[in-house]
Amino acid sequence: MTEETPTPPPGDVPPADQIKVDADSIVSKRRKLSLWQRIGASGLSVSLAIHVLLVFVAAAFVVSTVTDNAKKAPNTFATGAGGGSGGERVKSTERKVKPKNVKSLAKTTTRITSKSASASIALPDMPNSASASSMISGAMAGGSSKGFGGGSGGGIGTGRGMGSGGGKNFVARPVMGANIFSQRLAVYFDASASMLPYLDRVEAEIRDKFPDADVFLSNGVFIDVHDNEIVGGDKFKGAPFLNRPTGNGSKKNAKGELVPTETNVNKLTPAGRNIYKKYAPNFKTGSVGGWIDILKDERAYDALIIFSDFQDGVRQIRTKAIGNVSAYKPDKGMRADPPVVFSDRTNQGGGFARSVTLIASGGASGQPVVQCKETTGLIVGMVALGSGIPPGTTVIEIKDNVSFTLSKPLTAAPSGRVVCNNGGDKRFPEEKKWEDEWEKAFAGARENKGPRLYLISTSRAYGNKPGTILQRCVSASDGSAIMVKFGNAKKGTNTVNDLHNYDDLYVGMPVSGRGIPEGVTLVAMPTFKEIIDPEDPEKKRKKRVVDKQLTISAPVLEDSTNAVFAFTPLIQAVGTLAKAAKTIEDVSGSIDLKPGMIVVDGRFPVGTKVISVTPNKAAVGFFTVEMSAPSNAAAANAVLRFRPAASTTGNARSAAPTR
């Protein structure tokens with residue numbers, strides 16, 4: 001029996017063509033693939049992921065290794081690599097020097113030159129390649145000094161900061177009112193009897209700021225010259241004619257204590273000991289003259305200080321034939337005594353000549369007193385020349401900036417100006433060459449080719465007298481000269497009391513010291529009176545004492561006993577002003593005026609500077625001075641004071657020059 005499949009009802013079975021379409025659709029859906037699948041990239045994704053992971057692990061390992069190497073020796077500093085080889089072969093030093101920032105080097109890699117005024121070379125062009133960047137990276141990693149400058153431990157520079165190459169860090173240090181720009185300092189102390197009470201105190205003041213200063217001691221501050229050679233100088237070979245006490249051993253001070261008056265070799269630096277060993281006889285023979293003449297060229301120091309009362313001065317003699325003058329020959333059997341052709345000592349001939357401006361009705365016939373505008377540069381013993389003054393008349397007394405008294409009465413009322421001199425300068429030009437050599441040597445300080453000169457005086461402002469050789473050297477070197485006085489001051493008062501002397505002080509001088517505010521000036525000199533000396537048993541002897549103390553422009557801020565007070569002399573001149581004019585006419589006593597100086601006078605706006613100083617051809621010794629701003633008042637024969645402008649080269653000077 002055959003089994004048959006039943007026929008489905010109509011409508012339940014789809015048409016044959018419809019069944020075919022649905023089957024194709026199903027097959028199409030099963031076989032449709034994406035492009036990523038069709039190119040077979042599924043395996044690549046897995047491979048890339050694995051490689052990225054491996055790269056990340058490798059990078060972490062490298063960074064960790066480099067960091068460990070960089071921190072390997074934190075307390076050492078590599079030197080000597082130069083080209084960036086900061087590896088294990090680099091020699092390490094115990095001294096760790098902080099390398100300078102090299103970002104600026106990366107900006108300018110084409111050429112490196114020295115900015116020093118004394119430099120004469122420039123490094124060749126750096127290669128603009130991988131080696132240049134290697135050099136910079138080596139400097140950053142190792143901080144070597146020889147890579148860029150050949151210095152001795154100053155990072156990537158040319159020296160040792162404030163030592164022998166870091167000029168930008170070269171700053172002043174104050175010593176008793178003077179700003180000393182120095183890293184290698186030499187000091188000459190006048191160890192004469194008049195200076196003994198101050199030596200220990202002044203040395204302590206200097207060593208507080210310059211502990212390694214070389215201090216040389218000798219008796220007096222003499223400058224002796226034979227013809228054109230400095231006694232004790234490098235060129236001097238003969239025996240000195242002038243009898244100068246050199247001193248030796250020790251002396252007693254006011255307390256009866258023995259005080260050494262010769263250089264203590266044990267306190268000198270190695271460089272100082274070498275100089276003293278070589279030149280000690282020169283210093284003893286020639287005093288400060290030989291000392292200056294040698295050290296101005298020795299270049300072992302960048303600053304020289306002379307501390308003295310400056311009473312000894314300069315003397316120059318003539319022994320050789322010159323011009324129409326024959327050579328000096330002493331008489332048979334007589335001690336040699338060559339003629340003195342120049343001296344600025346108070347009791348010798350020669351030296352200064354000063355033009356003094358008189359006030360209206362400055363004197364009367366039959367009277368010896370002459371009233372004047374200012375007395376700067378006058379010395380007792382000078383010869384006075386002018387209308388109404390008899391021949392051979394000398395100055396016997398001086399009242400500062402008020403009057404001077406003559407040895408003979410006037411024969412007529414004086415007027416205009418009086419010229420005072422002490423014999424004139426009898427030297428030929430050839431005999432003055434040593435002064436020009438000194439000035440030129442000290443002028444080299446402005447280009448780091450010589451030392452600066454500083455003068456600290458307890459009595460005579462010799463370094464500020466117009467035309468003196470020391471003043472010229474101070475000015476040429478951009479140094480300074482100050483007066484120091486020892487005295488007392490009480491908080492809240494505007495007086496400075498009981499100074500050891502009042503020599504060469506005058507109203508207007510800037511004052512500084514312990515408890516003295518900045519910008520203070522001297523406004524009134526002390527007055528004196530005579531009393532019976534209380535120590536005189538017979539009560540007959542009189543004693544001169546201070547009646548009113550020296551007055552300053554502001555109250556003292558703290559008590560000071562036996563303290564050091566500094567007084568800075570101003571440069572003075574006399575001239576005629578016209579209101580609203582920028583020129584000062586008929587200026588005398590202005591040999592030291594230079595462009596850039598600032599006038600200290602209420603008749604000019606604050607900060608007014610000198611523009612030019614022009615000699616008057618019609619009147620020798622007088623000048624026309626042009627100022628940067630016009631005056632606000634008129635004045636005839638006015639006393640004017642000037643001060644140097646603040647130094648703009650001091651901070652930029654590099655340190656001590658080397659031979």
# chains A, B, ... in the order shown; residues from 1 in each chain; ligands from 1
call {"tool": "select_by_dssp", "arguments": {"residues": "range 181-407 of chain A", "states": "strand (DSSP E or B)", "output": "number ranges by chain"}}
result
A: 185-190, 214-218, 223-226, 229-230, 250-252, 258-260, 303-308, 314-317, 322, 325, 340-343, 353-358, 369-372, 383-385, 394-399, 403-406
call {"tool": "residues_around", "arguments": {"residues": "Asp302 in chain A", "least_positions_apart": "4", "cutoff": "9 Å", "atoms": "only C-alpha atoms", "output": "PDB file with C-alpha atoms, in the first residue's frame"}}
result
ATOM      1  CA  PHE A 181      85.006  99.221  44.058  1.00  0.00           C
ATOM      2  CA  SER A 182      87.562  96.483  44.572  1.00  0.00           C
ATOM      3  CA  GLN A 183      88.258  92.786  44.878  1.00  0.00           C
ATOM      4  CA  ARG A 184      92.022  93.060  45.400  1.00  0.00           C
ATOM      5  CA  LEU A 185      92.782  95.985  47.660  1.00  0.00           C
ATOM      6  CA  ALA A 186      96.063  97.475  48.889  1.00  0.00           C
ATOM      7  CA  ALA A 445      91.107 102.048  35.694  1.00  0.00           C
ATOM      8  CA  ASN A 448      90.284  97.729  33.747  1.00  0.00           C
ATOM      9  CA  LYS A 449      93.905  98.555  32.928  1.00  0.00           C
ATOM     10  CA  GLY A 450      94.882 100.172  36.211  1.00  0.00           C
ATOM     11  CA  PRO A 451      93.837 100.629  39.844  1.00  0.00           C
ATOM     12  CA  ARG A 452      91.428 103.156  41.285  1.00  0.00           C
ATOM     13  CA  LEU A 453      92.785 105.574  43.863  1.00  0.00           C
ATOM     14  CA  ALA A 655      87.339  92.688  38.849  1.00  0.00           C
ATOM     15  CA  ALA A 656      91.046  92.846  39.554  1.00  0.00           C
ATOM     16  CA  PRO A 657      93.305  92.999  36.524  1.00  0.00           C
TER      17      PRO A 657
END
call {"tool": "residues_around", "arguments": {"residues": "range 389-406 of chain A", "least_positions_apart": "3", "cutoff": "6 Å", "atoms": "only C-alpha atoms", "output": "list in words"}}
result
Pro368, Val369, Val370, Gln371, Cys372, Lys373, Glu374, Thr375, Val380, Gly381, Met382, Val383, Ala384, Gly386 and Leu410 of chain A
call {"tool": "residues_around", "arguments": {"residues": "Gly289 in chain A", "least_positions_apart": "3", "cutoff": "9 Å", "atoms": "only C-alpha atoms", "output": "PyMOL selection string"}}
result
chain A and resi 221-225+230-233+283+286+292-294+314
call {"tool": "atom_distance", "arguments": {"atom1": "CA of Lys491 in chain A", "atom2": "CA of Ile516 in chain A"}}
result
9.6 Å
call {"tool": "closest_residue", "arguments": {"among": "A:Ser287, A:Gly333, A:Phe307, A:Gly607", "to": "Glu203 in chain A", "atoms": "only C-alpha atoms"}}
result
A:Phe307
call {"tool": "residues_around", "arguments": {"residues": "Asp214 in chain A", "least_positions_apart": "6", "cutoff": "8 Å", "atoms": "only C-alpha atoms", "output": "list in words"}}
result
Leu185, Ala186, Val187, Lys267, Leu268, Thr269 and Gly272 of chain A
call {"tool": "write_last_selection", "arguments": {"atoms": "N, CA and C atoms", "output": "PDB file, in the first residue's frame"}}
result
ATOM      1  N   LEU A 185      92.572  94.646  47.106  1.00  0.00           N
ATOM      2  CA  LEU A 185      92.782  95.985  47.660  1.00  0.00           C
ATOM      3  C   LEU A 185      94.121  96.064  48.378  1.00  0.00           C
ATOM      4  N   ALA A 186      94.834  97.174  48.159  1.00  0.00           N
ATOM      5  CA  ALA A 186      96.063  97.475  48.889  1.00  0.00           C
ATOM      6  C   ALA A 186      95.885  98.810  49.607  1.00  0.00           C
ATOM      7  N   VAL A 187      96.368  98.877  50.846  1.00  0.00           N
ATOM      8  CA  VAL A 187      96.195 100.057  51.682  1.00  0.00           C
ATOM      9  C   VAL A 187      97.561 100.540  52.151  1.00  0.00           C
ATOM     10  N   LYS A 267     100.562  89.338  57.732  1.00  0.00           N
ATOM     11  CA  LYS A 267      99.176  89.673  57.405  1.00  0.00           C
ATOM     12  C   LYS A 267      98.949  89.853  55.912  1.00  0.00           C
ATOM     13  N   LEU A 268     100.001  89.802  55.127  1.00  0.00           N
ATOM     14  CA  LEU A 268      99.868  90.006  53.688  1.00  0.00           C
ATOM     15  C   LEU A 268      99.423  88.719  53.003  1.00  0.00           C
ATOM     16  N   THR A 269      98.739  88.875  51.888  1.00  0.00           N
ATOM     17  CA  THR A 269      98.396  87.735  51.049  1.00  0.00           C
ATOM     18  C   THR A 269      99.664  87.250  50.346  1.00  0.00           C
ATOM     19  N   GLY A 272     100.789  89.870  48.090  1.00  0.00           N
ATOM     20  CA  GLY A 272     101.350  90.996  48.826  1.00  0.00           C
ATOM     21  C   GLY A 272     102.738  90.712  49.348  1.00  0.00           C
TER      22      GLY A 272
END
call {"tool": "residues_around", "arguments": {"residues": "Ser631 in chain A", "least_positions_apart": "5", "cutoff": "6 Å", "atoms": "only C-alpha atoms", "output": "list in words"}}
result
Lys579, Ala580, Ala581, Arg603 and Phe604 of chain A
call {"tool": "write_last_selection", "arguments": {"atoms": "C-alpha atoms", "output": "JSON list (two decimals), in the first residue's frame"}}
result
[["chain", "number", "residue", "atom", "x", "y", "z"],
["A", 579, "LYS", "CA", 69.20, 134.89, 35.46],
["A", 580, "ALA", "CA", 67.77, 132.38, 32.97],
["A", 581, "ALA", "CA", 71.23, 131.85, 31.45],
["A", 603, "ARG", "CA", 70.27, 128.97, 42.09],
["A", 604, "PHE", "CA", 70.06, 126.00, 39.71]]
call {"tool": "atom_distance", "arguments": {"atom1": "CA of Thr261 in chain A", "atom2": "CA of Tyr188 in chain A"}}
result
11.5 Å
call {"tool": "atom_distance", "arguments": {"atom1": "CA of Lys594 in chain A", "atom2": "CA of Lys617 in chain A"}}
result
18.2 Å
call {"tool": "residues_around", "arguments": {"residues": "Lys329 in chain A", "least_positions_apart": "5", "cutoff": "10 Å", "atoms": "only C-alpha atoms", "output": "ChimeraX atom specification"}}
result
/A:319-320,336-338
call {"tool": "write_last_selection", "arguments": {"atoms": "all heavy atoms", "output": "mmCIF file, in the first residue's frame"}}
result
data_model
loop_
_atom_site.group_PDB
_atom_site.id
_atom_site.type_symbol
_atom_site.label_atom_id
_atom_site.label_comp_id
_atom_site.auth_asym_id
_atom_site.auth_seq_id
_atom_site.Cartn_x
_atom_site.Cartn_y
_atom_site.Cartn_z
ATOM 1 N N THR A 319 118.778 118.174 39.566
ATOM 2 C CA THR A 319 120.219 117.910 39.616
ATOM 3 C C THR A 319 120.849 117.913 38.229
ATOM 4 O O THR A 319 122.035 118.176 38.088
ATOM 5 C CB THR A 319 120.490 116.536 40.267
ATOM 6 O OG1 THR A 319 119.882 115.504 39.477
ATOM 7 C CG2 THR A 319 119.927 116.484 41.684
ATOM 8 N N LYS A 320 120.058 117.636 37.190
ATOM 9 C CA LYS A 320 120.587 117.527 35.841
ATOM 10 C C LYS A 320 120.434 118.851 35.096
ATOM 11 O O LYS A 320 119.569 119.659 35.413
ATOM 12 C CB LYS A 320 119.870 116.416 35.075
ATOM 13 C CG LYS A 320 120.028 115.032 35.691
ATOM 14 C CD LYS A 320 119.252 113.987 34.904
ATOM 15 C CE LYS A 320 119.392 112.604 35.522
ATOM 16 N NZ LYS A 320 118.620 111.576 34.777
ATOM 17 N N ALA A 336 125.449 117.966 49.843
ATOM 18 C CA ALA A 336 124.659 118.226 48.636
ATOM 19 C C ALA A 336 123.270 118.725 49.019
ATOM 20 O O ALA A 336 122.596 118.147 49.867
ATOM 21 C CB ALA A 336 124.552 116.960 47.799
ATOM 22 N N ASP A 337 122.867 119.813 48.389
ATOM 23 C CA ASP A 337 121.551 120.408 48.661
ATOM 24 C C ASP A 337 120.996 120.986 47.366
ATOM 25 O O ASP A 337 120.974 122.204 47.164
ATOM 26 C CB ASP A 337 121.678 121.488 49.732
ATOM 27 C CG ASP A 337 120.319 121.997 50.191
ATOM 28 O OD1 ASP A 337 119.316 121.292 49.932
ATOM 29 O OD2 ASP A 337 120.264 123.073 50.801
ATOM 30 N N PRO A 338 120.503 120.115 46.460
ATOM 31 C CA PRO A 338 120.013 120.597 45.162
ATOM 32 C C PRO A 338 118.826 121.536 45.352
ATOM 33 O O PRO A 338 118.096 121.457 46.340
ATOM 34 C CB PRO A 338 119.592 119.309 44.449
ATOM 35 C CG PRO A 338 120.285 118.216 45.175
ATOM 36 C CD PRO A 338 120.395 118.656 46.586
#
call {"tool": "closest_atom_pairs", "arguments": {"of": "range 296-406 of chain A", "to": "range 190-202 of chain A", "cutoff": "8 Å", "atoms": "only C-alpha atoms", "output": "Markdown table"}}
result
| residue | atom | partner | partner_atom | distance |
| --- | --- | --- | --- | --- |
| A:Ile306 | CA | A:Asp190 | CA | 7.8 |
| A:Phe307 | CA | A:Asp190 | CA | 6.1 |
| A:Ser308 | CA | A:Asp190 | CA | 5.1 |
| A:Asp309 | CA | A:Met195 | CA | 7.3 |
call {"tool": "closest_residue", "arguments": {"among": "A:Thr624, A:Thr527, A:Ser612, A:Ser560", "to": "Glu585 in chain A", "atoms": "only C-alpha atoms"}}
result
A:Thr624
